[in-house]
$ cat model.cif   # mmCIF, C-alpha atoms
data_start
#
loop_
_atom_site.label_atom_id
_atom_site.label_comp_id
_atom_site.auth_asym_id
_atom_site.auth_seq_id
_atom_site.Cartn_x
_atom_site.Cartn_y
_atom_site.Cartn_z
CA MET A 1 -59.66 15.07 -147.03
CA LYS A 2 -58.49 11.93 -145.22
CA LEU A 3 -56.83 11.70 -141.82
CA ASP A 4 -54.62 8.87 -140.57
CA PHE A 5 -54.21 7.97 -136.91
CA GLU A 6 -51.42 10.48 -136.33
CA ASP A 7 -53.48 13.24 -137.98
CA VAL A 8 -56.36 12.32 -135.67
CA ARG A 9 -54.12 12.45 -132.60
CA ARG A 10 -52.90 15.88 -133.57
CA ARG A 11 -56.47 17.17 -133.68
CA LEU A 12 -58.08 15.41 -130.70
CA ALA A 13 -57.05 15.69 -127.06
CA HIS A 14 -58.20 12.14 -126.27
CA ARG A 15 -55.63 9.42 -125.54
CA PHE A 16 -55.49 5.75 -124.55
CA PRO A 17 -57.74 4.18 -123.45
CA LEU A 18 -60.33 6.66 -124.68
CA LEU A 19 -59.30 7.59 -128.19
CA MET A 20 -62.20 6.14 -130.17
CA VAL A 21 -61.28 7.19 -133.72
CA ASP A 22 -58.62 5.34 -135.76
CA ARG A 23 -58.85 7.27 -139.01
CA ALA A 24 -61.08 9.55 -141.06
CA LEU A 25 -62.06 8.34 -144.51
CA GLU A 26 -63.78 11.54 -145.59
CA VAL A 27 -63.80 15.03 -144.12
CA GLU A 28 -65.89 17.78 -145.65
CA PRO A 29 -65.33 20.77 -143.34
CA GLY A 30 -68.57 22.33 -142.19
CA ARG A 31 -70.62 19.46 -143.57
CA ARG A 32 -69.75 15.87 -142.71
CA ILE A 33 -67.14 13.35 -141.67
CA VAL A 34 -66.81 9.58 -141.92
CA VAL A 35 -64.45 7.86 -139.49
CA GLU A 36 -63.54 4.31 -138.59
CA LYS A 37 -62.91 2.77 -135.21
CA HIS A 38 -61.58 -0.79 -135.25
CA VAL A 39 -62.70 -2.80 -132.27
CA THR A 40 -60.28 -5.42 -130.93
CA GLY A 41 -60.57 -7.89 -128.09
CA ASN A 42 -57.36 -6.43 -126.67
CA GLU A 43 -59.08 -3.21 -125.51
CA ILE A 44 -59.06 -2.64 -121.78
CA HIS A 45 -62.82 -2.21 -121.30
CA PHE A 46 -63.41 -5.80 -122.37
CA LEU A 47 -61.80 -6.89 -119.10
CA GLY A 48 -65.01 -5.95 -117.35
CA HIS A 49 -67.62 -5.63 -120.11
CA PHE A 50 -68.14 -8.53 -119.75
CA PRO A 51 -65.80 -11.18 -118.33
CA GLY A 52 -67.75 -13.94 -120.06
CA ARG A 53 -68.74 -12.11 -123.22
CA ALA A 54 -67.03 -9.13 -124.82
CA ILE A 55 -69.50 -6.41 -125.83
CA MET A 56 -68.38 -2.85 -126.56
CA PRO A 57 -69.94 -0.50 -123.98
CA GLY A 58 -72.63 1.61 -125.63
CA VAL A 59 -71.23 4.78 -124.12
CA LEU A 60 -67.98 4.16 -126.01
CA ILE A 61 -69.89 3.83 -129.30
CA LEU A 62 -71.46 7.17 -128.45
CA GLU A 63 -68.01 8.49 -127.53
CA SER A 64 -66.74 7.45 -130.94
CA ALA A 65 -69.47 9.53 -132.59
CA ALA A 66 -68.75 12.46 -130.26
CA GLN A 67 -65.04 12.30 -131.15
CA ALA A 68 -65.85 12.11 -134.86
CA ALA A 69 -67.94 15.24 -134.39
CA ALA A 70 -65.14 16.95 -132.43
CA LEU A 71 -62.75 16.11 -135.26
CA LEU A 72 -65.14 17.52 -137.85
CA LEU A 73 -65.67 20.70 -135.85
CA ALA A 74 -61.91 21.09 -135.36
CA CYS A 75 -61.46 20.82 -139.14
CA SER A 76 -64.35 23.22 -139.79
CA ARG A 77 -63.53 26.24 -137.67
CA GLU A 78 -61.83 29.13 -139.37
CA GLU A 79 -60.70 30.58 -136.06
CA ALA A 80 -59.48 28.77 -132.96
CA LEU A 81 -61.72 28.70 -129.90
CA PRO A 82 -61.12 31.54 -127.44
CA PRO A 83 -58.30 30.71 -125.00
CA GLY A 84 -59.45 28.70 -121.99
CA THR A 85 -62.55 27.35 -123.71
CA VAL A 86 -63.40 23.96 -125.12
CA LEU A 87 -66.35 22.42 -126.97
CA VAL A 88 -68.04 19.72 -124.93
CA LEU A 89 -70.90 17.34 -125.54
CA GLY A 90 -73.88 18.90 -123.80
CA THR A 91 -76.92 17.02 -125.05
CA VAL A 92 -77.56 13.57 -126.47
CA ARG A 93 -80.97 13.40 -128.11
CA ALA A 94 -82.86 10.38 -129.38
CA TRP A 95 -79.75 8.25 -129.27
CA HIS A 96 -80.51 4.60 -129.88
CA PHE A 97 -78.50 1.41 -129.84
CA VAL A 98 -79.64 -1.16 -132.37
CA LYS A 99 -77.29 -4.10 -131.98
CA PRO A 100 -74.22 -5.12 -129.94
CA VAL A 101 -70.71 -4.35 -131.14
CA VAL A 102 -68.07 -7.01 -130.51
CA PRO A 103 -64.32 -7.47 -131.09
CA GLY A 104 -63.59 -7.80 -134.80
CA ASP A 105 -66.19 -5.21 -135.78
CA THR A 106 -65.25 -1.95 -137.45
CA LEU A 107 -67.41 1.01 -136.54
CA ARG A 108 -68.11 3.33 -139.44
CA VAL A 109 -69.23 6.60 -137.93
CA GLU A 110 -70.80 9.24 -140.13
CA VAL A 111 -71.52 12.64 -138.61
CA GLN A 112 -73.38 15.42 -140.41
CA VAL A 113 -73.62 19.02 -139.30
CA VAL A 114 -77.18 20.21 -138.74
CA LYS A 115 -76.11 23.64 -137.47
CA MET A 116 -72.76 25.06 -136.52
CA VAL A 117 -72.23 28.38 -134.73
CA ASP A 118 -69.17 29.85 -133.03
CA ALA A 119 -70.31 28.68 -129.61
CA GLY A 120 -71.52 25.19 -130.49
CA ALA A 121 -73.05 22.77 -132.95
CA VAL A 122 -75.89 20.35 -133.54
CA VAL A 123 -74.89 17.20 -135.42
CA GLU A 124 -76.43 13.91 -136.38
CA GLY A 125 -74.45 10.73 -136.02
CA ARG A 126 -75.00 7.29 -137.49
CA VAL A 127 -72.84 4.30 -136.62
CA THR A 128 -72.79 1.20 -138.80
CA VAL A 129 -70.93 -2.12 -138.85
CA ASP A 130 -70.77 -3.91 -142.19
CA GLY A 131 -73.47 -1.58 -143.52
CA GLN A 132 -75.90 -2.31 -140.67
CA GLU A 133 -76.85 0.44 -138.26
CA VAL A 134 -75.72 -0.21 -134.68
CA ALA A 135 -76.42 3.20 -133.13
CA GLY A 136 -77.32 6.79 -133.95
CA GLY A 137 -78.92 10.03 -132.83
CA THR A 138 -78.36 13.74 -132.37
CA LEU A 139 -75.53 15.34 -130.42
CA VAL A 140 -75.34 18.96 -129.28
CA PHE A 141 -72.01 20.58 -128.42
CA GLY A 142 -71.51 23.79 -126.50
CA GLN A 143 -68.54 25.96 -125.64
CA VAL A 144 -67.54 26.12 -121.99
CA GLN A 145 -64.71 27.61 -119.97
CA TYR A 146 -62.26 25.10 -118.56
CA GLY A 147 -63.57 23.91 -115.21
CA ASP A 148 -67.24 24.48 -116.08
CA GLY A 149 -67.89 20.76 -116.34
CA GLY A 150 -69.44 18.92 -119.26
CA GLN A 151 -68.59 15.66 -120.95
CA GLY A 152 -66.83 14.46 -124.06
CA MET B 1 -103.10 31.11 -132.03
CA ASP B 2 -101.99 31.14 -135.67
CA ASN B 3 -100.33 28.30 -137.55
CA LEU B 4 -96.83 29.55 -137.01
CA GLU B 5 -97.30 29.94 -133.27
CA ALA B 6 -98.78 26.45 -132.96
CA GLU B 7 -95.97 24.93 -135.00
CA VAL B 8 -93.18 26.74 -133.18
CA ARG B 9 -94.77 25.92 -129.84
CA GLY B 10 -94.87 22.23 -130.81
CA LEU B 11 -91.30 22.28 -132.03
CA ILE B 12 -90.03 23.88 -128.80
CA ALA B 13 -92.15 21.56 -126.66
CA GLU B 14 -90.44 18.57 -128.22
CA ILE B 15 -86.98 19.98 -127.53
CA VAL B 16 -87.66 21.07 -123.96
CA GLU B 17 -89.76 17.97 -123.25
CA MET B 18 -92.88 19.81 -122.08
CA GLU B 19 -96.51 19.82 -123.12
CA PRO B 20 -96.98 22.54 -125.80
CA GLU B 21 -99.75 24.28 -123.86
CA ALA B 22 -97.54 24.44 -120.75
CA ILE B 23 -95.13 26.88 -122.42
CA GLU B 24 -96.02 30.46 -121.63
CA LEU B 25 -95.45 32.97 -124.41
CA ASP B 26 -93.18 35.22 -122.37
CA ALA B 27 -91.53 32.70 -120.03
CA ASP B 28 -87.76 33.13 -120.24
CA PHE B 29 -86.19 29.85 -121.30
CA ILE B 30 -83.25 30.20 -118.93
CA LYS B 31 -84.60 32.23 -115.99
CA ASP B 32 -88.16 30.88 -115.84
CA MET B 33 -87.90 27.46 -117.43
CA GLY B 34 -84.46 26.44 -116.19
CA LEU B 35 -83.16 25.56 -119.65
CA ASP B 36 -79.59 26.04 -120.84
CA SER B 37 -78.25 27.86 -123.87
CA LEU B 38 -77.87 24.63 -125.85
CA ARG B 39 -81.67 24.37 -126.05
CA ALA B 40 -81.74 27.65 -127.96
CA LEU B 41 -79.21 26.24 -130.40
CA GLU B 42 -81.39 23.16 -130.87
CA VAL B 43 -84.45 25.35 -131.41
CA LEU B 44 -82.58 27.38 -134.00
CA ALA B 45 -81.45 24.22 -135.84
CA ALA B 46 -84.97 22.79 -135.77
CA LEU B 47 -86.49 26.04 -137.12
CA GLU B 48 -83.97 26.16 -139.95
CA ARG B 49 -84.76 22.59 -140.91
CA LYS B 50 -88.54 22.91 -140.66
CA TYR B 51 -88.86 26.16 -142.58
CA ARG B 52 -85.77 25.83 -144.79
CA ILE B 53 -84.47 29.16 -143.58
CA GLN B 54 -81.08 30.44 -142.46
CA ILE B 55 -81.08 32.20 -139.12
CA PRO B 56 -77.88 34.22 -138.54
CA GLN B 57 -76.07 33.06 -135.41
CA GLU B 58 -76.25 36.58 -133.99
CA ARG B 59 -79.99 35.94 -133.51
CA LEU B 60 -79.28 33.02 -131.18
CA LEU B 61 -79.12 35.28 -128.12
CA GLN B 62 -82.58 36.65 -129.00
CA LEU B 63 -84.24 33.24 -128.79
CA THR B 64 -85.13 33.63 -125.13
CA SER B 65 -88.88 32.96 -125.06
CA LEU B 66 -91.59 31.43 -127.23
CA ARG B 67 -92.77 34.90 -128.26
CA LYS B 68 -89.27 35.96 -129.28
CA VAL B 69 -88.67 32.74 -131.20
CA ILE B 70 -91.90 33.34 -133.12
CA GLU B 71 -90.89 36.95 -133.83
CA VAL B 72 -87.44 36.00 -135.10
CA THR B 73 -88.86 33.17 -137.21
CA ARG B 74 -91.50 35.42 -138.73
CA GLU B 75 -88.91 38.09 -139.48
CA VAL B 76 -86.44 35.68 -141.08
CA MET B 77 -89.23 34.14 -143.12
CA GLY B 78 -90.02 37.61 -144.40
CA GLY B 79 -93.48 37.75 -142.90
CA LYS B 80 -94.53 34.64 -144.81
CA VAL B 81 -97.09 32.67 -142.75
CA ALA B 82 -96.35 28.99 -142.29
CA GLN B 83 -98.53 26.72 -144.37
#

$ encode --input "model.cif" --output "structure tokens"
Amino acid sequence: MKLDFEDVRRRLAHRFPLLMVDRALEVEPGRRIVVEKHVTGNEIHFLGHFPGRAIMPGVLILESAAQAAALLLACSREEALPPGTVLVLGTVRAWHFVKPVVPGDTLRVEVQVVKMVDAGAVVEGRVTVDGQEVAGGTLVFGQVQYGDGGQG
Amino acid sequence: MDNLEAEVRGLIAEIVEMEPEAIELDADFIKDMGLDSLRALEVLAALERKYRIQIPQERLLQLTSLRKVIEVTREVMGGKVAQ
């Protein structure tokens, strides 16, 4: 399964300036997803990160992987989450950044399910640019009630 | 301490970022160790990967202490002792 930008927007709650997935190249529900995020110098965070040299903030690379995971989990669930609940990123484990990402790069984010249960998931993410790893690690998602806090 | 206990203790220690010997067998992960439910999910995923087993998600709520994790692991493995 492939998803274009409008398909992605229908499945993710994120919006400008924090929608970090442009399209999904491959979706295998319950198993893995590969998405792309095109990085342009026109993005608002480059105003401040940094004025003299544009480097994509690492947390936004991580956010891209978290959104890819959210997309995969949304495509994988047979039943909707209970009303008033949402899956949020709860743990980031052994996440590493290998090299800077700059305007002109295309992030290729591959996320694989390690374990998925009704109330959460453990996934592994790997982010590459032109075949070279730029970041990666393990993300753990949990289900919370609205207003319980959490990120992602 | 048998092999399985030592291995499971090591695996949990890595996830909860403690020294293996500091984890008491019956300490409750949430009440006594201050961990959250996501740690149990990580433990479950790590056990499945290490022992190539499938632990039903209903067992997640039973993974509340080192002793209980060992019991569930041993049961799911069918009594087979870790090599």

$ closest_atom_pairs --input "model.cif" --of "chain B" --to "chain A" --cutoff "9 Å" --atoms "all atoms listed in the file" --output "JSON lines"
{"residue": "B:Ile15", "atom": "CA", "partner": "A:Arg93", "partner_atom": "CA", "distance": 8.9}
{"residue": "B:Ser37", "atom": "CA", "partner": "A:Gly142", "partner_atom": "CA", "distance": 8.3}
{"residue": "B:Leu38", "atom": "CA", "partner": "A:Gly142", "partner_atom": "CA", "distance": 6.4}
{"residue": "B:Arg39", "atom": "CA", "partner": "A:Thr91", "partner_atom": "CA", "distance": 8.8}
{"residue": "B:Leu41", "atom": "CA", "partner": "A:Val122", "partner_atom": "CA", "distance": 7.5}
{"residue": "B:Glu42", "atom": "CA", "partner": "A:Val122", "partner_atom": "CA", "distance": 6.7}
{"residue": "B:Leu44", "atom": "CA", "partner": "A:Lys115", "partner_atom": "CA", "distance": 8.2}
{"residue": "B:Ala45", "atom": "CA", "partner": "A:Lys115", "partner_atom": "CA", "distance": 5.6}
{"residue": "B:Ala46", "atom": "CA", "partner": "A:Val114", "partner_atom": "CA", "distance": 8.7}
{"residue": "B:Glu48", "atom": "CA", "partner": "A:Lys115", "partner_atom": "CA", "distance": 8.6}
{"residue": "B:Arg49", "atom": "CA", "partner": "A:Val114", "partner_atom": "CA", "distance": 8.2}
{"residue": "B:Pro56", "atom": "CA", "partner": "A:Val117", "partner_atom": "CA", "distance": 9.0}
{"residue": "B:Gln57", "atom": "CA", "partner": "A:Val117", "partner_atom": "CA", "distance": 6.1}

$ atom_distance --input "model.cif" --atom1 "CA of Arg9 (chain A)" --atom2 "CA of Leu71 (chain A)"
9.7 Å

$ axis_aligned_box --input "model.cif" --around "region 63-74 of chain B" --padding-each-side "5 Å" --output "JSON"
{"center_x": -88.5, "center_y": 34.2, "center_z": -131.9, "size_x": 18.5, "size_y": 15.5, "size_z": 23.7}

$ residues_around --input "model.cif" --residues "His14 (chain A)" --least-positions-apart "5" --cutoff "12 Å" --atoms "all atoms listed in the file" --output "list in words"
Val8, Arg9, Leu19, Met20, Val21, Asp22, Glu63, Ser64, Ala66, Gln67, Ala68, Ala70, Leu71 and Gly152 of chain A

$ resolve_selection --input "model.cif" --expression "the PyMOL selection byres ((chain A and resi 1-4) around 6)" --output "list in words"
Phe5, Glu6, Asp7, Arg23, Ala24, Leu25, Glu26 and Val27 of chain A

$ resolve_selection --input "model.cif" --expression "the PyMOL selection byres ((chain B and resi 76) around 10)" --output "number ranges by chain"
B: 48, 51, 53-56, 59, 70-75, 77-80

$ resolve_selection --input "model.cif" --expression "the PyMOL selection byres ((chain A and resi 125-131) around 7)" --output "list in words"
Ala65, Asp105, Thr106, Leu107, Arg108, Val109, Glu110, Val111, Gln112, Val123, Glu124, Gln132, Glu133, Val134, Ala135, Gly136, Gly137 and Thr138 of chain A

$ atom_distance --input "model.cif" --atom1 "CA of Gln62 (chain B)" --atom2 "CA of Val43 (chain B)"
11.7 Å

$ residues_near_point --input "model.cif" --point "(-96.3, 26.9, -128.7)" --cutoff "12 Å" --atoms "only C-alpha atoms" --output "compact mmCIF listing (two decimals) with C-alpha atoms, in the frame of the given file"
# COMPACT_ATOMS: atom_id res chain seq x y z
CA MET B 1 -103.10 31.11 -132.03
CA ASP B 2 -101.99 31.14 -135.67
CA ASN B 3 -100.33 28.30 -137.55
CA LEU B 4 -96.83 29.55 -137.01
CA GLU B 5 -97.30 29.94 -133.27
CA ALA B 6 -98.78 26.45 -132.96
CA GLU B 7 -95.97 24.93 -135.00
CA VAL B 8 -93.18 26.74 -133.18
CA ARG B 9 -94.77 25.92 -129.84
CA GLY B 10 -94.87 22.23 -130.81
CA LEU B 11 -91.30 22.28 -132.03
CA ILE B 12 -90.03 23.88 -128.80
CA ALA B 13 -92.15 21.56 -126.66
CA GLU B 14 -90.44 18.57 -128.22
CA ILE B 15 -86.98 19.98 -127.53
CA VAL B 16 -87.66 21.07 -123.96
CA MET B 18 -92.88 19.81 -122.08
CA GLU B 19 -96.51 19.82 -123.12
CA PRO B 20 -96.98 22.54 -125.80
CA GLU B 21 -99.75 24.28 -123.86
CA ALA B 22 -97.54 24.44 -120.75
CA ILE B 23 -95.13 26.88 -122.42
CA GLU B 24 -96.02 30.46 -121.63
CA LEU B 25 -95.45 32.97 -124.41
CA ASP B 26 -93.18 35.22 -122.37
CA ALA B 27 -91.53 32.70 -120.03
CA SER B 65 -88.88 32.96 -125.06
CA LEU B 66 -91.59 31.43 -127.23
CA ARG B 67 -92.77 34.90 -128.26
CA LYS B 68 -89.27 35.96 -129.28
CA VAL B 69 -88.67 32.74 -131.20
CA ILE B 70 -91.90 33.34 -133.12

$ atom_distance --input "model.cif" --atom1 "CA of Arg11 (chain A)" --atom2 "CA of Phe97 (chain A)"
27.4 Å
